[in-house]
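See below for the structure under consideration.
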Amino acid sequence: MLDGARFHEVARWLHDDDTQRYDYLSDVTAVEFRDRELPIEVVWHIRSIPFRRFLRLKVLIPAGAPLEVASVWDIYKSADWLERECYDMFGLRFAGHPDLRRLLMWEQYREGYPLRKDFPLRGRFSRSEQLRQALAANPEARYSMEELTIGQAFEDLPTDMKRRLSTGEPVGE
Amino acid sequence: MASTTRTVDVELSTSGLDPQGRPRRDPLVTDAGGNVLTMEPPATLEPELDGEHMLINIGPQHPATHGVLRLVLELDGETVVRCIPHIGYLHCGFEKIGEYRQYNQIIPWTDREDYLNSPGNNVAMALGAERLFGIAITERCTVLRVIACELSRIISHLVWLGTTCIDIGAFTPFLWSFQERERVYHLLESWIGARLTTSLTRVGGMGADIPDGWVEQLTAFVRHFPKTIAEVDRMVTRNGIWVGRTVGLGVMSADEAVNYGLSGPMLRASGVAYDVRKDFPYLDYETYDFEVPVGTNGDVYDRFLVRMEELRQSTRILEQAIQRLPDGPVNVDDHRVILPPKSRATSDMESMIHHFKQVMEGPRPPMGEAYVVVESPKGEKGYYMVSDGSSKPVRWRIRPPSFVNLSAIPKMVEGHLLSDVIAINASIDIVMGEIDR
């Protein structure tokens with residue numbers, strides 16, 4: 001159980017110190033309890049491969065506080081997708097992550113964060129609404145801005161789509 | 001000039017290279033007089049691109065991506081400059097559904113994430129739930145679970161072997177490995193009734209004990225299986241084409257592999273001897289005699305060698321498990337989690353209450369959390385379960401090994417050729433069901 005403000009410092013020490021050498025980040029996840037008053041837990045499972053040790057780190061975020069913790073991406077590269085998934089599913093922001101985008105859900109997804117307890121099991125929209133959205137979507141438009149800047153692919157787009165992409169407006173839906 | 005095509009006898013050699021080490025080019029076209037027309041490409045084949053980069057999209061519907069993986073590649077000529085993977089096309093929200101299911105009801109979901117390793121996932125899930133409940137399983141159950149884990153490792157590695165051979169261009173090992181896989185599926189079918197989605201375990205025991213004569217069938221398989229491995233080994237391991245297409249690709253050094261969180265054969269191919277079965281033993285794995293194969297270079301070829309050796313080691317573990325399989329009950333004698341026999345439930349008051357409680361409410365573990373890690377064929381598979389004392393978990397988290405392994409693909413493919421991307425991607429042994437969940 002750690003203080004969120006000093007978490008990054010502790011993680012750095014656990015990774016670098018010669019008596020600890022926790023060099024393997026196994027998992028990053030979060031836990032939200034059914035009781036909304038309880039804090040949201042952010043959980044890291046780390047291992048020391050040289051010493052065959054295992055440690056679980058937790059940071060508690062009290063209800064109502066901003067969902068933000070420090071990213072350990074600069075210490076463990078494996079945190080990249082694990083943190084992105086956690087952001088995608090819980091809306092938890094990892095400060096210092098270089099590329100915190102949606103991972104499993106698509107980029108234009110606006111319904112919220114699926115693993116939060118206030119998110120209904122069947123999603124916010126009815127099956128027919130979901131089907132309608134899926135049929136109306138243009139799969140060709142599912143490149144991100146970042147990819148479209150590669151190799152001048154952006155230049156080849158129709159003017160209308162270029163305008164909408166550059167203003168951050170969702171395309172394809 | 002009239003030209004006819006004819007088939008030319010190609011020398012049956014394992015090497016596709018000529019003595020100078022270049023790919024051999026066999027003449028296929030002759031003119032009417034039987035003179036061979038050369039197949040040299042025209043001098044101006046490649047247009048001048050002025051260093052312009054190209055954006056190419058592989059997948060999500062592409063057989064070589066082993067599922068619905070999408071890779072967006074930035075190419076300079078044929079060299080990959082940047083790779084952006086996209087996942088999530090198979091996302092079904094398993095973890096969300098798990099919060100609405102009892103522990104035994106989650107076990108069928110574990111079949112469907114890493115569907116090549118269903119028995120192994122079932123075992124991991126049951127181990128996690130048992131740790132929450134504080135149950136110690138019976139001796140027979142432990143050995144049966146080891147057998148299930150190793151059989152699923154064999155299935156998974158065989159599928160990996162077959163599909164990777166196809167990706168790289170060898171067809172025969174695919175048929176051989178799928179034939180052996182079919183034998184394992186027959187064994188599983190006669191044990192639990194299902195082939196792919198086994199749902200083999202229950203909290204506190206197994207769904208079924210093995211039928212009569214099953215051990216003999218397993219023994220026959222264990223005797224036969226190393227021969228197939230030896231055949232594939234002879235055909236592929238020293239094959240010139242295979243070596244040429246896998247050596248030196250997607251190299252990860254030991255430090256990088258650890259830092260990128262690789263696990264399983266991917267990590268061991270880089271020279272890190274880390275195996276959950278040895279280092280954090282479960283199911284009494286420490287009492288079995290087996291080796292952990294370790295590679296040196298961390299390239300695609302070493303991953304292949306590590307997996308081939310793991311197949312042999314799994315066979316060794318199976319042999320020992322058959323030897324030590326004890327008699328006795330499979331399920332624990334604990335009516336919090338295992339239903340009492342129906343005959344007693346209709347005659348005995350206490351049994352009836354247990355029966356009612358379990359069916360209507362489900363087993364209720366005490367408050368707590370458990371993170372169980374097993375060595376799945378893909379790597380370190382973890383289940384993290386948090387209980388608030390009700391019959392359903394508050395959080396059921398899957399730590400998917402191929403998800404973390406795949407996240408290192410941009411690092412592995414950069415600087416390699418486009419055709420090598422397929423080989424590197426195959427060497428990760430991804431299952432999209434597990435990555436997207």
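Going through the structure tokens in order, the chains are called A, B, and so on, while each chain numbers its residues from 1 and the ligands are numbered from 1 in the order shown.
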
Listing only residues of chain A within 9 Å of chain B, what is the closest atom pair and its distance in Å (to one decimal) for each, using only C-alpha atoms, sorted by chain and residue number ascending, as JSON lines?
{"residue": "A:Asp23", "atom": "CA", "partner": "B:Asn259", "partner_atom": "CA", "distance": 6.7}
{"residue": "A:Tyr24", "atom": "CA", "partner": "B:Val258", "partner_atom": "CA", "distance": 5.8}
{"residue": "A:Leu25", "atom": "CA", "partner": "B:Gly261", "partner_atom": "CA", "distance": 6.2}
{"residue": "A:Ser26", "atom": "CA", "partner": "B:Gly261", "partner_atom": "CA", "distance": 6.7}
{"residue": "A:Asp27", "atom": "CA", "partner": "B:Arg399", "partner_atom": "CA", "distance": 6.4}
{"residue": "A:Val28", "atom": "CA", "partner": "B:Arg399", "partner_atom": "CA", "distance": 8.7}
{"residue": "A:Thr29", "atom": "CA", "partner": "B:Arg397", "partner_atom": "CA", "distance": 7.6}
{"residue": "A:Ala30", "atom": "CA", "partner": "B:Arg395", "partner_atom": "CA", "distance": 8.6}
{"residue": "A:Val31", "atom": "CA", "partner": "B:Arg395", "partner_atom": "CA", "distance": 6.2}
{"residue": "A:Glu32", "atom": "CA", "partner": "B:Val394", "partner_atom": "CA", "distance": 7.5}
{"residue": "A:Phe33", "atom": "CA", "partner": "B:Val394", "partner_atom": "CA", "distance": 6.1}
{"residue": "A:Arg34", "atom": "CA", "partner": "B:Val394", "partner_atom": "CA", "distance": 6.9}
{"residue": "A:His45", "atom": "CA", "partner": "B:Tyr371", "partner_atom": "CA", "distance": 8.7}
{"residue": "A:Ile49", "atom": "CA", "partner": "B:Tyr274", "partner_atom": "CA", "distance": 7.1}
{"residue": "A:Arg52", "atom": "CA", "partner": "B:Asp279", "partner_atom": "CA", "distance": 6.4}
{"residue": "A:Arg53", "atom": "CA", "partner": "B:Phe280", "partner_atom": "CA", "distance": 8.8}
{"residue": "A:Ile75", "atom": "CA", "partner": "B:Asn259", "partner_atom": "CA", "distance": 8.0}
{"residue": "A:Tyr76", "atom": "CA", "partner": "B:Asn259", "partner_atom": "CA", "distance": 5.4}
{"residue": "A:Lys77", "atom": "CA", "partner": "B:Tyr260", "partner_atom": "CA", "distance": 4.8}
{"residue": "A:Ser78", "atom": "CA", "partner": "B:Tyr260", "partner_atom": "CA", "distance": 4.3}
{"residue": "A:Ala79", "atom": "CA", "partner": "B:Tyr260", "partner_atom": "CA", "distance": 8.0}
{"residue": "A:Asp80", "atom": "CA", "partner": "B:Ser407", "partner_atom": "CA", "distance": 7.6}
{"residue": "A:Trp81", "atom": "CA", "partner": "B:Ser407", "partner_atom": "CA", "distance": 6.3}
{"residue": "A:Leu82", "atom": "CA", "partner": "B:Val404", "partner_atom": "CA", "distance": 7.5}
{"residue": "A:Leu103", "atom": "CA", "partner": "B:Ile87", "partner_atom": "CA", "distance": 6.7}
{"residue": "A:Leu104", "atom": "CA", "partner": "B:Gly88", "partner_atom": "CA", "distance": 3.9}
{"residue": "A:Met105", "atom": "CA", "partner": "B:Gly88", "partner_atom": "CA", "distance": 6.1}
{"residue": "A:Trp106", "atom": "CA", "partner": "B:Gly88", "partner_atom": "CA", "distance": 7.6}
{"residue": "A:Pro114", "atom": "CA", "partner": "B:Lys96", "partner_atom": "CA", "distance": 7.4}
{"residue": "A:Leu115", "atom": "CA", "partner": "B:Lys96", "partner_atom": "CA", "distance": 5.9}
{"residue": "A:Arg116", "atom": "CA", "partner": "B:Lys96", "partner_atom": "CA", "distance": 8.8}
{"residue": "A:Leu121", "atom": "CA", "partner": "B:Lys96", "partner_atom": "CA", "distance": 7.0}
{"residue": "A:Glu147", "atom": "CA", "partner": "B:Val72", "partner_atom": "CA", "distance": 7.7}
{"residue": "A:Leu148", "atom": "CA", "partner": "B:Leu55", "partner_atom": "CA", "distance": 8.3}
{"residue": "A:Ile150", "atom": "CA", "partner": "B:Leu55", "partner_atom": "CA", "distance": 6.4}
{"residue": "A:Gly151", "atom": "CA", "partner": "B:His53", "partner_atom": "CA", "distance": 4.7}
{"residue": "A:Gln152", "atom": "CA", "partner": "B:His53", "partner_atom": "CA", "distance": 8.2}
{"residue": "A:Ala153", "atom": "CA", "partner": "B:Leu55", "partner_atom": "CA", "distance": 7.3}

Those residues with N, CA and C atoms, as a short mmCIF file (atom, residue, chain, number, x, y, z; two decimals), in the first residue's frame please?
data_model
loop_
_atom_site.label_atom_id
_atom_site.label_comp_id
_atom_site.auth_asym_id
_atom_site.auth_seq_id
_atom_site.Cartn_x
_atom_site.Cartn_y
_atom_site.Cartn_z
N ASP A 23 12.72 -6.47 -11.41
CA ASP A 23 12.93 -6.02 -12.78
C ASP A 23 11.81 -6.43 -13.72
N TYR A 24 10.79 -7.09 -13.22
CA TYR A 24 9.77 -7.62 -14.12
C TYR A 24 8.40 -7.14 -13.66
N LEU A 25 7.73 -6.38 -14.53
CA LEU A 25 6.38 -5.93 -14.20
C LEU A 25 5.41 -6.94 -14.78
N SER A 26 4.69 -7.61 -13.91
CA SER A 26 3.82 -8.67 -14.38
C SER A 26 2.46 -8.13 -14.81
N ASP A 27 1.88 -7.26 -14.01
CA ASP A 27 0.52 -6.85 -14.32
C ASP A 27 0.23 -5.48 -13.73
N VAL A 28 -0.60 -4.73 -14.43
CA VAL A 28 -1.13 -3.47 -13.90
C VAL A 28 -2.64 -3.55 -14.02
N THR A 29 -3.34 -3.33 -12.98
CA THR A 29 -4.79 -3.36 -13.09
C THR A 29 -5.41 -2.48 -12.01
N ALA A 30 -6.70 -2.38 -12.02
CA ALA A 30 -7.39 -1.58 -11.02
C ALA A 30 -8.58 -2.38 -10.50
N VAL A 31 -9.00 -2.04 -9.29
CA VAL A 31 -10.16 -2.71 -8.69
C VAL A 31 -11.12 -1.65 -8.20
N GLU A 32 -12.36 -1.72 -8.65
CA GLU A 32 -13.38 -0.84 -8.11
C GLU A 32 -14.38 -1.72 -7.36
N PHE A 33 -14.69 -1.35 -6.13
CA PHE A 33 -15.58 -2.19 -5.34
C PHE A 33 -17.04 -1.85 -5.60
N ARG A 34 -17.91 -2.79 -5.22
CA ARG A 34 -19.34 -2.55 -5.45
C ARG A 34 -19.82 -1.41 -4.56
N HIS A 45 1.59 -5.84 -9.98
CA HIS A 45 2.26 -7.07 -9.54
C HIS A 45 3.66 -7.07 -10.14
N ILE A 49 13.22 -11.30 -10.87
CA ILE A 49 13.65 -12.57 -11.47
C ILE A 49 14.97 -13.05 -10.86
N ARG A 52 13.88 -14.25 -7.34
CA ARG A 52 12.65 -15.06 -7.27
C ARG A 52 11.69 -14.54 -6.21
N ARG A 53 11.42 -13.23 -6.26
CA ARG A 53 10.51 -12.65 -5.28
C ARG A 53 9.31 -12.05 -6.00
N ILE A 75 10.21 3.02 -16.48
CA ILE A 75 10.97 1.99 -15.78
C ILE A 75 10.77 0.63 -16.44
N TYR A 76 9.50 0.28 -16.66
CA TYR A 76 9.18 -1.00 -17.28
C TYR A 76 8.48 -0.73 -18.61
N LYS A 77 9.07 -1.20 -19.70
CA LYS A 77 8.43 -1.00 -21.00
C LYS A 77 7.14 -1.82 -21.12
N SER A 78 7.04 -2.88 -20.34
CA SER A 78 5.82 -3.70 -20.44
C SER A 78 4.59 -2.95 -19.95
N ALA A 79 4.81 -1.81 -19.27
CA ALA A 79 3.66 -1.05 -18.77
C ALA A 79 2.89 -0.40 -19.90
N ASP A 80 3.48 -0.34 -21.10
CA ASP A 80 2.87 0.39 -22.20
C ASP A 80 1.42 -0.04 -22.42
N TRP A 81 1.22 -1.28 -22.82
CA TRP A 81 -0.14 -1.72 -23.13
C TRP A 81 -0.95 -1.98 -21.87
N LEU A 82 -0.28 -2.43 -20.81
CA LEU A 82 -1.03 -2.71 -19.58
C LEU A 82 -1.68 -1.44 -19.05
N LEU A 103 -7.21 1.20 -26.18
CA LEU A 103 -6.51 0.05 -26.72
C LEU A 103 -7.50 -0.99 -27.24
N LEU A 104 -8.35 -1.49 -26.37
CA LEU A 104 -9.28 -2.54 -26.80
C LEU A 104 -10.52 -1.93 -27.46
N MET A 105 -11.00 -0.83 -26.91
CA MET A 105 -12.12 -0.15 -27.55
C MET A 105 -11.55 0.76 -28.64
N TRP A 106 -12.38 1.15 -29.59
CA TRP A 106 -11.87 1.97 -30.67
C TRP A 106 -11.77 3.42 -30.24
N PRO A 114 -15.71 0.59 -19.68
CA PRO A 114 -16.54 -0.60 -19.48
C PRO A 114 -16.39 -1.29 -18.13
N LEU A 115 -15.22 -1.26 -17.51
CA LEU A 115 -15.08 -2.02 -16.28
C LEU A 115 -15.45 -1.23 -15.03
N ARG A 116 -15.91 0.01 -15.21
CA ARG A 116 -16.38 0.75 -14.05
C ARG A 116 -17.72 0.17 -13.61
N LEU A 121 -23.83 -3.87 -17.68
CA LEU A 121 -23.21 -5.05 -18.30
C LEU A 121 -23.46 -5.09 -19.80
N GLU A 147 -1.25 7.67 -37.67
CA GLU A 147 -0.90 6.81 -38.79
C GLU A 147 -1.01 7.53 -40.11
N LEU A 148 -2.00 8.43 -40.20
CA LEU A 148 -2.23 9.07 -41.48
C LEU A 148 -1.13 10.06 -41.83
N ILE A 150 1.89 9.27 -41.62
CA ILE A 150 2.95 8.47 -42.22
C ILE A 150 2.79 8.53 -43.74
N GLY A 151 3.89 8.77 -44.42
CA GLY A 151 3.90 8.61 -45.87
C GLY A 151 2.84 9.43 -46.59
N GLN A 152 2.51 10.59 -46.08
CA GLN A 152 1.59 11.52 -46.75
C GLN A 152 0.22 10.91 -47.06
N ALA A 153 -0.16 9.88 -46.31
CA ALA A 153 -1.47 9.29 -46.58
C ALA A 153 -2.57 10.30 -46.27
#

If you run DSSP on the backbone here, which positions in chain A get strand (DSSP E)? Please write them as a ChimeraX atom specification. /A:24-31,40-48,53-61,68-70,93-95

For the selection just defined, write its residues with N, CA and C atoms to a file, as a JSON list (two decimals), in the first residue's frame.
[["chain", "number", "residue", "atom", "x", "y", "z"],
["A", 24, "TYR", "N", 10.79, -7.09, -13.22],
["A", 24, "TYR", "CA", 9.77, -7.62, -14.12],
["A", 24, "TYR", "C", 8.40, -7.14, -13.66],
["A", 25, "LEU", "N", 7.73, -6.38, -14.53],
["A", 25, "LEU", "CA", 6.38, -5.93, -14.20],
["A", 25, "LEU", "C", 5.41, -6.94, -14.78],
["A", 26, "SER", "N", 4.69, -7.61, -13.91],
["A", 26, "SER", "CA", 3.82, -8.67, -14.38],
["A", 26, "SER", "C", 2.46, -8.13, -14.81],
["A", 27, "ASP", "N", 1.88, -7.26, -14.01],
["A", 27, "ASP", "CA", 0.52, -6.85, -14.32],
["A", 27, "ASP", "C", 0.23, -5.48, -13.73],
["A", 28, "VAL", "N", -0.60, -4.73, -14.43],
["A", 28, "VAL", "CA", -1.13, -3.47, -13.90],
["A", 28, "VAL", "C", -2.64, -3.55, -14.02],
["A", 29, "THR", "N", -3.34, -3.33, -12.98],
["A", 29, "THR", "CA", -4.79, -3.36, -13.09],
["A", 29, "THR", "C", -5.41, -2.48, -12.01],
["A", 30, "ALA", "N", -6.70, -2.38, -12.02],
["A", 30, "ALA", "CA", -7.39, -1.58, -11.02],
["A", 30, "ALA", "C", -8.58, -2.38, -10.50],
["A", 31, "VAL", "N", -9.00, -2.04, -9.29],
["A", 31, "VAL", "CA", -10.16, -2.71, -8.69],
["A", 31, "VAL", "C", -11.12, -1.65, -8.20],
["A", 40, "ILE", "N", -10.88, 3.37, -5.08],
["A", 40, "ILE", "CA", -10.46, 2.52, -6.21],
["A", 40, "ILE", "C", -9.00, 2.14, -5.98],
["A", 41, "GLU", "N", -8.71, 0.86, -6.13],
["A", 41, "GLU", "CA", -7.33, 0.40, -5.94],
["A", 41, "GLU", "C", -6.65, 0.25, -7.28],
["A", 42, "VAL", "N", -5.45, 0.77, -7.41],
["A", 42, "VAL", "CA", -4.62, 0.48, -8.57],
["A", 42, "VAL", "C", -3.58, -0.53, -8.11],
["A", 43, "VAL", "N", -3.45, -1.63, -8.84],
["A", 43, "VAL", "CA", -2.64, -2.74, -8.37],
["A", 43, "VAL", "C", -1.53, -3.04, -9.39],
["A", 44, "TRP", "N", -0.31, -3.14, -8.90],
["A", 44, "TRP", "CA", 0.81, -3.58, -9.72],
["A", 44, "TRP", "C", 1.34, -4.88, -9.15],
["A", 45, "HIS", "N", 1.59, -5.84, -9.98],
["A", 45, "HIS", "CA", 2.26, -7.07, -9.54],
["A", 45, "HIS", "C", 3.66, -7.07, -10.14],
["A", 46, "ILE", "N", 4.67, -7.03, -9.29],
["A", 46, "ILE", "CA", 6.03, -7.01, -9.82],
["A", 46, "ILE", "C", 6.81, -8.19, -9.27],
["A", 47, "ARG", "N", 7.82, -8.57, -10.02],
["A", 47, "ARG", "CA", 8.64, -9.72, -9.67],
["A", 47, "ARG", "C", 10.10, -9.36, -9.73],
["A", 48, "SER", "N", 10.88, -10.06, -8.95],
["A", 48, "SER", "CA", 12.33, -9.96, -9.08],
["A", 48, "SER", "C", 12.80, -11.29, -9.63],
["A", 53, "ARG", "N", 11.42, -13.23, -6.26],
["A", 53, "ARG", "CA", 10.51, -12.65, -5.28],
["A", 53, "ARG", "C", 9.31, -12.05, -6.00],
["A", 54, "PHE", "N", 8.27, -11.83, -5.24],
["A", 54, "PHE", "CA", 7.02, -11.33, -5.80],
["A", 54, "PHE", "C", 6.46, -10.26, -4.88],
["A", 55, "LEU", "N", 5.95, -9.20, -5.45],
["A", 55, "LEU", "CA", 5.45, -8.10, -4.64],
["A", 55, "LEU", "C", 4.19, -7.52, -5.29],
["A", 56, "ARG", "N", 3.21, -7.18, -4.46],
["A", 56, "ARG", "CA", 2.01, -6.52, -4.97],
["A", 56, "ARG", "C", 1.98, -5.11, -4.41],
["A", 57, "LEU", "N", 1.92, -4.14, -5.31],
["A", 57, "LEU", "CA", 1.87, -2.73, -4.88],
["A", 57, "LEU", "C", 0.47, -2.21, -5.11],
["A", 58, "LYS", "N", 0.02, -1.36, -4.19],
["A", 58, "LYS", "CA", -1.31, -0.80, -4.35],
["A", 58, "LYS", "C", -1.28, 0.68, -4.07],
["A", 59, "VAL", "N", -2.04, 1.43, -4.86],
["A", 59, "VAL", "CA", -2.28, 2.83, -4.56],
["A", 59, "VAL", "C", -3.78, 3.00, -4.47],
["A", 60, "LEU", "N", -4.27, 3.59, -3.39],
["A", 60, "LEU", "CA", -5.70, 3.79, -3.23],
["A", 60, "LEU", "C", -6.06, 5.19, -3.69],
["A", 61, "ILE", "N", -7.10, 5.27, -4.51],
["A", 61, "ILE", "CA", -7.59, 6.57, -4.95],
["A", 61, "ILE", "C", -8.95, 6.77, -4.31],
["A", 68, "GLU", "N", -5.85, 9.52, -11.27],
["A", 68, "GLU", "CA", -4.56, 9.71, -11.92],
["A", 68, "GLU", "C", -3.45, 9.18, -11.03],
["A", 69, "VAL", "N", -2.57, 8.38, -11.62],
["A", 69, "VAL", "CA", -1.36, 7.92, -10.92],
["A", 69, "VAL", "C", -0.18, 8.08, -11.88],
["A", 70, "ALA", "N", 1.01, 7.92, -11.32],
["A", 70, "ALA", "CA", 2.20, 8.06, -12.16],
["A", 70, "ALA", "C", 2.38, 6.81, -13.01],
["A", 93, "ARG", "N", -6.00, 7.72, -15.56],
["A", 93, "ARG", "CA", -4.93, 8.36, -16.35],
["A", 93, "ARG", "C", -3.58, 8.06, -15.71],
["A", 94, "PHE", "N", -2.64, 7.67, -16.54],
["A", 94, "PHE", "CA", -1.28, 7.41, -16.06],
["A", 94, "PHE", "C", -0.41, 8.57, -16.51],
["A", 95, "ALA", "N", -0.04, 9.44, -15.56],
["A", 95, "ALA", "CA", 0.73, 10.61, -15.91],
["A", 95, "ALA", "C", 2.13, 10.19, -16.33]]

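Going from atom CA of B:Ala423 over to atom CA of B:Asp299, you cover 10.5 Å.
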
DSSP on the backbone, helix (DSSP H, G or I) only: what residues of stretch 9-71 of chain A does that give? Format it as a PyMOL selection string. chain A and resi 9-16
